[in-house]
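Dropping final.pdb in here (PDB, C-alpha atoms and all ligand atoms):
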ATOM      1  CA  MET A  14     134.522 102.206 101.626
ATOM      2  CA  ASN A  15     135.280 102.293  97.927
ATOM      3  CA  GLU A  16     134.224 105.060  95.552
ATOM      4  CA  VAL A  17     131.468 103.080  93.836
ATOM      5  CA  THR A  18     129.767 102.379  97.174
ATOM      6  CA  ALA A  19     130.292 105.987  98.282
ATOM      7  CA  PHE A  20     128.664 107.336  95.108
ATOM      8  CA  GLU A  21     125.745 104.886  95.493
ATOM      9  CA  THR A  22     125.329 105.928  99.134
ATOM     10  CA  VAL A  23     125.183 109.648  98.405
ATOM     11  CA  GLN A  24     122.984 109.157  95.368
ATOM     12  CA  LYS A  25     120.399 107.666  97.728
ATOM     13  CA  ALA A  26     120.934 110.372 100.373
ATOM     14  CA  LEU A  27     120.825 113.398  98.064
ATOM     15  CA  LYS A  28     118.442 115.092  95.630
ATOM     16  CA  PRO A  29     119.618 114.795  91.992
ATOM     17  CA  ILE A  30     120.779 118.428  91.827
ATOM     18  CA  ARG A  31     122.945 117.961  94.942
ATOM     19  CA  TYR A  32     124.272 114.652  93.648
ATOM     20  CA  GLU A  33     125.333 116.356  90.404
ATOM     21  CA  HIS A  34     127.086 119.045  92.477
ATOM     22  CA  THR A  35     128.871 116.243  94.379
ATOM     23  CA  VAL A  36     130.119 114.686  91.137
ATOM     24  CA  ARG A  37     131.451 118.076  89.988
ATOM     25  CA  VAL A  38     133.138 118.726  93.367
ATOM     26  CA  THR A  39     134.859 115.334  93.066
ATOM     27  CA  GLU A  40     136.059 116.163  89.532
ATOM     28  CA  GLU A  41     137.237 119.608  90.640
ATOM     29  CA  ALA A  42     139.075 118.134  93.633
ATOM     30  CA  THR A  43     140.782 115.651  91.306
ATOM     31  CA  ARG A  44     141.905 118.529  89.068
ATOM     32  CA  LEU A  45     143.361 120.356  92.098
ATOM     33  CA  VAL A  46     145.233 117.218  93.205
ATOM     34  CA  GLY A  47     146.735 117.159  89.707
ATOM     35  CA  ILE A  48     148.186 120.638  90.355
ATOM     36  CA  TYR A  49     148.969 120.570  94.087
ATOM     37  CA  GLY A  50     149.228 116.886  95.029
ATOM     38  CA  GLY A  51     147.622 115.399  98.138
ATOM     39  CA  ASN A  52     146.129 111.996  98.855
ATOM     40  CA  LEU A  53     143.881 111.468  95.832
ATOM     41  CA  GLU A  54     141.993 108.510  97.268
ATOM     42  CA  LYS A  55     141.105 110.268 100.537
ATOM     43  CA  ILE A  56     140.354 113.592  98.858
ATOM     44  CA  ARG A  57     137.996 111.964  96.354
ATOM     45  CA  LEU A  58     136.195 110.010  99.085
ATOM     46  CA  ALA A  59     135.827 113.190 101.169
ATOM     47  CA  ALA A  60     134.532 115.069  98.108
ATOM     48  CA  ILE A  61     131.995 112.332  97.306
ATOM     49  CA  LEU A  62     130.719 112.298 100.901
ATOM     50  CA  HIS A  63     131.071 115.998 101.771
ATOM     51  CA  ASP A  64     127.345 116.844 101.511
ATOM     52  CA  TYR A  65     126.099 113.478 102.825
ATOM     53  CA  ALA A  66     123.970 115.172 105.517
ATOM     54  CA  LYS A  67     122.809 118.112 103.374
ATOM     55  CA  HIS A  68     119.179 117.021 103.207
ATOM     56  CA  ARG A  69     118.819 115.728 106.759
ATOM     57  CA  PRO A  70     116.036 117.481 108.678
ATOM     58  CA  ILE A  71     117.400 120.515 110.539
ATOM     59  CA  ILE A  72     115.771 119.273 113.725
ATOM     60  CA  GLU A  73     117.702 115.993 113.479
ATOM     61  CA  MET A  74     121.016 117.819 112.958
ATOM     62  CA  ARG A  75     120.359 120.241 115.815
ATOM     63  CA  ARG A  76     119.472 117.345 118.096
ATOM     64  CA  LYS A  77     122.726 115.611 117.139
ATOM     65  CA  VAL A  78     124.703 118.731 118.122
ATOM     66  CA  GLN A  79     122.928 118.797 121.475
ATOM     67  CA  THR A  80     123.625 115.141 122.227
ATOM     68  CA  CYS A  81     127.080 114.556 120.705
ATOM     69  CA  ASP A  82     130.127 115.331 122.858
ATOM     70  CA  LYS A  83     132.239 116.040 119.769
ATOM     71  CA  LEU A  84     130.027 118.940 118.648
ATOM     72  CA  PRO A  85     130.038 122.212 120.605
ATOM     73  CA  ASN A  86     126.538 123.522 121.344
ATOM     74  CA  ALA A  87     127.713 127.021 120.366
ATOM     75  CA  MET A  88     127.573 126.071 116.703
ATOM     76  CA  LEU A  89     123.760 126.160 116.922
ATOM     77  CA  ASP A  90     123.952 129.967 117.047
ATOM     78  CA  TYR A  91     125.620 130.333 113.642
ATOM     79  CA  GLY A  92     122.855 129.377 111.235
ATOM     80  CA  ASP A  93     121.722 125.978 110.000
ATOM     81  CA  GLU A  94     123.832 126.118 106.825
ATOM     82  CA  ILE A  95     127.022 125.078 108.624
ATOM     83  CA  LEU A  96     125.466 122.118 110.468
ATOM     84  CA  HIS A  97     125.616 119.580 107.621
ATOM     85  CA  SER A  98     129.441 119.767 107.595
ATOM     86  CA  PHE A  99     130.059 119.118 111.285
ATOM     87  CA  VAL A 100     127.114 116.795 111.844
ATOM     88  CA  GLY A 101     127.771 115.127 108.481
ATOM     89  CA  ALA A 102     131.233 114.044 109.643
ATOM     90  CA  VAL A 103     129.665 112.463 112.747
ATOM     91  CA  PHE A 104     126.936 110.690 110.709
ATOM     92  CA  ILE A 105     129.549 109.417 108.251
ATOM     93  CA  GLU A 106     131.552 107.956 111.105
ATOM     94  CA  GLU A 107     128.523 106.425 112.822
ATOM     95  CA  GLU A 108     126.544 105.254 109.789
ATOM     96  CA  LEU A 109     129.181 104.536 107.138
ATOM     97  CA  PHE A 110     131.912 103.496 109.609
ATOM     98  CA  ILE A 111     134.532 105.787 108.106
ATOM     99  CA  THR A 112     137.057 106.647 110.800
ATOM    100  CA  ASP A 113     139.871 108.145 108.733
ATOM    101  CA  GLU A 114     140.545 111.559 110.280
ATOM    102  CA  THR A 115     141.868 113.050 107.026
ATOM    103  CA  ILE A 116     138.559 112.298 105.321
ATOM    104  CA  LEU A 117     136.379 113.323 108.279
ATOM    105  CA  SER A 118     138.204 116.626 108.822
ATOM    106  CA  CYS A 119     137.817 117.554 105.133
ATOM    107  CA  ILE A 120     134.066 117.032 105.477
ATOM    108  CA  ARG A 121     133.878 118.890 108.796
ATOM    109  CA  SER A 122     135.664 122.012 107.483
ATOM    110  CA  HIS A 123     134.272 122.167 103.939
ATOM    111  CA  THR A 124     131.827 125.018 104.633
ATOM    112  CA  THR A 125     133.560 127.138 107.257
ATOM    113  CA  GLY A 126     137.261 126.443 106.781
ATOM    114  CA  LYS A 127     139.407 126.185 109.914
ATOM    115  CA  VAL A 128     142.783 127.194 111.297
ATOM    116  CA  SER A 129     145.846 125.356 109.912
ATOM    117  CA  MET A 130     144.057 123.653 107.023
ATOM    118  CA  SER A 131     145.796 120.607 105.572
ATOM    119  CA  LEU A 132     146.359 120.262 101.829
ATOM    120  CA  GLU A 133     143.457 117.804 101.690
ATOM    121  CA  GLU A 134     141.138 120.167 103.608
ATOM    122  CA  LYS A 135     142.051 123.103 101.363
ATOM    123  CA  ILE A 136     141.338 121.102  98.214
ATOM    124  CA  VAL A 137     137.899 119.869  99.316
ATOM    125  CA  PHE A 138     136.956 123.329 100.653
ATOM    126  CA  LEU A 139     138.004 124.991  97.409
ATOM    127  CA  ALA A 140     136.527 122.350  95.095
ATOM    128  CA  ASP A 141     133.148 122.906  96.776
ATOM    129  CA  TYR A 142     133.460 126.667  96.207
ATOM    130  CA  ILE A 143     134.626 126.647  92.580
ATOM    131  CA  GLU A 144     133.004 123.593  90.965
ATOM    132  CA  PRO A 145     131.678 124.652  87.527
ATOM    133  CA  GLY A 146     128.071 124.807  88.764
ATOM    134  CA  ARG A 147     129.009 127.810  90.920
ATOM    135  CA  THR A 148     128.459 130.562  88.412
ATOM    136  CA  PHE A 149     128.622 133.661  90.615
ATOM    137  CA  ARG A 150     131.381 136.151  89.776
ATOM    138  CA  GLN A 151     133.433 135.491  92.925
ATOM    139  CA  ALA A 152     133.620 131.760  92.158
ATOM    140  CA  GLU A 153     134.939 132.515  88.645
ATOM    141  CA  GLU A 154     137.596 134.740  90.184
ATOM    142  CA  VAL A 155     138.655 132.129  92.755
ATOM    143  CA  ARG A 156     138.690 129.446  90.023
ATOM    144  CA  LYS A 157     141.268 131.483  88.086
ATOM    145  CA  ILE A 158     143.418 131.956  91.190
ATOM    146  CA  SER A 159     143.173 128.240  91.984
ATOM    147  CA  ASP A 160     145.245 127.433  88.884
ATOM    148  CA  GLU A 161     148.209 129.327  90.342
ATOM    149  CA  ASN A 162     148.009 129.606  94.114
ATOM    150  CA  LEU A 163     146.007 127.313  96.401
ATOM    151  CA  ASP A 164     146.415 129.403  99.562
ATOM    152  CA  LEU A 165     145.476 132.647  97.824
ATOM    153  CA  ALA A 166     142.422 130.943  96.340
ATOM    154  CA  CYS A 167     141.344 129.753  99.816
ATOM    155  CA  LEU A 168     141.968 133.203 101.291
ATOM    156  CA  THR A 169     139.912 134.858  98.559
ATOM    157  CA  ALA A 170     137.052 132.380  98.985
ATOM    158  CA  LEU A 171     137.049 132.919 102.767
ATOM    159  CA  GLY A 172     137.126 136.707 102.339
ATOM    160  CA  ASN A 173     134.196 136.494  99.919
ATOM    161  CA  THR A 174     132.231 134.334 102.348
ATOM    162  CA  ILE A 175     132.865 136.748 105.229
ATOM    163  CA  GLN A 176     131.818 139.684 103.042
ATOM    164  CA  TYR A 177     128.679 137.887 101.824
ATOM    165  CA  LEU A 178     127.554 136.945 105.330
ATOM    166  CA  SER A 179     128.327 140.348 106.828
ATOM    167  CA  ASN A 180     126.448 142.123 104.002
ATOM    168  CA  LYS A 181     123.413 140.063 104.982
ATOM    169  CA  GLN A 182     124.108 140.641 108.681
ATOM    170  CA  LEU A 183     124.326 136.906 109.241
ATOM    171  CA  PRO A 184     126.512 135.361 111.963
ATOM    172  CA  ILE A 185     129.966 134.138 110.925
ATOM    173  CA  TYR A 186     131.336 130.981 112.537
ATOM    174  CA  PRO A 187     134.646 131.681 114.357
ATOM    175  CA  ASP A 188     136.472 128.966 112.350
ATOM    176  CA  THR A 189     135.958 131.064 109.218
ATOM    177  CA  PHE A 190     137.691 134.073 110.787
ATOM    178  CA  ALA A 191     140.423 131.794 112.128
ATOM    179  CA  ALA A 192     141.004 130.343 108.659
ATOM    180  CA  TYR A 193     140.981 133.789 107.055
ATOM    181  CA  ASN A 194     143.511 135.202 109.551
ATOM    182  CA  ASP A 195     145.671 132.113 109.211
ATOM    183  CA  PHE A 196     145.979 132.581 105.438
ATOM    184  CA  VAL A 197     146.458 136.365 105.702
ATOM    185  CA  LEU A 198     149.275 136.047 108.239
ATOM    186  CA  ARG A 199     151.211 133.446 106.217
TER     187      ARG A 199
HETATM  188 FE    FE B   1     128.185 121.506 101.889
HETATM  189 FE    FE B   2     128.842 121.029  98.587
END

Step by step, read the file and then write its structure as structure tokens.
Amino acid sequence: MNEVTAFETVQKALKPIRYEHTVRVTEEATRLVGIYGGNLEKIRLAAILHDYAKHRPIIEMRRKVQTCDKLPNAMLDYGDEILHSFVGAVFIEEELFITDETILSCIRSHTTGKVSMSLEEKIVFLADYIEPGRTFRQAEEVRKISDENLDLACLTALGNTIQYLSNKQLPIYPDTFAAYNDFVLR
């Protein structure tokens, strides 16, 4: 799939405000590739498609988890916010026929992070966290760090996410802890 088709596809699938976020994530990811390298074509396609499933009915995403062998049922216990990443990667494979694992894994891990993140996964994860529409203080801080140190920026974003969720006494998906520990122990 080329970029023009990908943008057209998500424009139809997303509300305008989410589409605008997608455009900014793609621009931010491109900026990060300029600093850190990585496969620009795959990273941009992953960024364009990363929120493809964001507006799917929760019931549809939960049903997909229950029926798809690739998706562990345990993820249903960790809040609906994470579902669009994991289920989105499955929908993108099934509906848009994208099978490239680099692209799919960037989409899958963009909310939670994961252990041993690739350069491409780090860039999409971070671009989603720091795109200019994210105006909270922590995003500004991570944006500054992202100019200098990609791993430290990811670690800081993950730490912020863990803190935010624990302050609200919300469940934290194990992949997020795994990613956090992975970056800390490097
Ligand atoms: Fe997302
Ligand atoms: Fe996003």

Do you have, as a Markdown table, the list of residues of range 121-178 of chain A lying at most 10 Å from range 183-199 of chain A, each with its nearest atom pair and that distance in Å to one decimal, counting all atoms listed in the file and ordered by chain then number?
| residue | atom | partner | partner_atom | distance |
| --- | --- | --- | --- | --- |
| A:Ser122 | CA | A:Asp188 | CA | 8.5 |
| A:Thr124 | CA | A:Thr189 | CA | 8.6 |
| A:Thr125 | CA | A:Thr189 | CA | 5.0 |
| A:Gly126 | CA | A:Thr189 | CA | 5.4 |
| A:Lys127 | CA | A:Ala192 | CA | 4.6 |
| A:Val128 | CA | A:Ala192 | CA | 4.5 |
| A:Ser129 | CA | A:Asp195 | CA | 6.8 |
| A:Met130 | CA | A:Ala192 | CA | 7.5 |
| A:Asp164 | CA | A:Phe196 | CA | 6.7 |
| A:Leu165 | CA | A:Phe196 | CA | 7.6 |
| A:Ala166 | CA | A:Phe196 | CA | 9.9 |
| A:Cys167 | CA | A:Phe196 | CA | 7.8 |
| A:Leu168 | CA | A:Phe196 | CA | 5.8 |
| A:Thr169 | CA | A:Tyr193 | CA | 8.6 |
| A:Ala170 | CA | A:Tyr193 | CA | 9.1 |
| A:Leu171 | CA | A:Tyr193 | CA | 5.9 |
| A:Gly172 | CA | A:Tyr193 | CA | 6.8 |
| A:Thr174 | CA | A:Thr189 | CA | 8.5 |
| A:Ile175 | CA | A:Ile185 | CA | 6.9 |
| A:Gln176 | CA | A:Ile185 | CA | 9.8 |
| A:Tyr177 | CA | A:Leu183 | CA | 8.7 |
| A:Leu178 | CA | A:Leu183 | CA | 5.1 |

With all atoms listed in the file counted, collect every polymer residue having an atom within 10 Å of ligand FE 2 (chain B); state the result as a list in words. Arg31, Tyr32, His34, Thr35, Val36, Arg37, Val38, Thr39, Ala60, Ile61, Leu62, His63, Asp64, Tyr65, Lys67, His97, Ser98, Ile120, His123, Thr124, Val137, Phe138, Ala140, Asp141, Tyr142 and Glu144 of chain A

Which of these, A:Glu94, A:Glu40, A:Glu16, A:Glu73, has the shortest distance to ligand FE 1 (chain B) once you count all atoms listed in the file?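 Looking only at the distances to ligand FE 1 (chain B), the closest residue turns out to be A:Glu94.
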
Provide the CA of Gln151 in chain A to CA of Leu89 in chain A distance in Å, to one decimal place. 27.5 Å

A:Ile143, A:Asn180, A:Asn173, A:Thr80: which is nearest Arg44 in chain A, counting only C-alpha atoms? A:Ile143

Can you tell me which residues surround Tyr49 in chain A at a distance of at most 8 Å, considering only C-alpha atoms, apart from same-chain residues fewer than 3 positions away, and format the answer as an mmCIF file with C-alpha atoms, keeping the file's coordinate frame?
data_model
loop_
_atom_site.group_PDB
_atom_site.id
_atom_site.type_symbol
_atom_site.label_atom_id
_atom_site.label_comp_id
_atom_site.auth_asym_id
_atom_site.auth_seq_id
_atom_site.Cartn_x
_atom_site.Cartn_y
_atom_site.Cartn_z
ATOM 1 C CA LEU A 45 143.361 120.356 92.098
ATOM 2 C CA VAL A 46 145.233 117.218 93.205
ATOM 3 C CA LEU A 163 146.007 127.313 96.401
#

Which residues would end up in the selection if the PyMOL selection byres (((chain A and resi 52) around 10) and not hetatm) were applied here, given that I need the answer as a list in words?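 Residues picked by the PyMOL selection byres (((chain A and resi 52) around 10) and not hetatm): Thr43, Val46, Gly50, Gly51, Leu53, Glu54, Lys55, Ile56, Arg57, Thr115, Ile116, Leu132 and Glu133 of chain A.
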
(132.0, 109.2, 109.2) in this file's frame - what residues fall within 12 Å of it? Use only C-alpha atoms and give the answer as a PyMOL selection string. chain A and resi 14+19+58-59+62-66+98-121

For ligand FE 1 (chain B), which residue out of A:Cys81, A:Asp93, A:Thr148, A:Phe20 is the nearest one, using only C-alpha atoms and all ligand atoms?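 For ligand FE 1 (chain B), the nearest of the candidates is A:Asp93.
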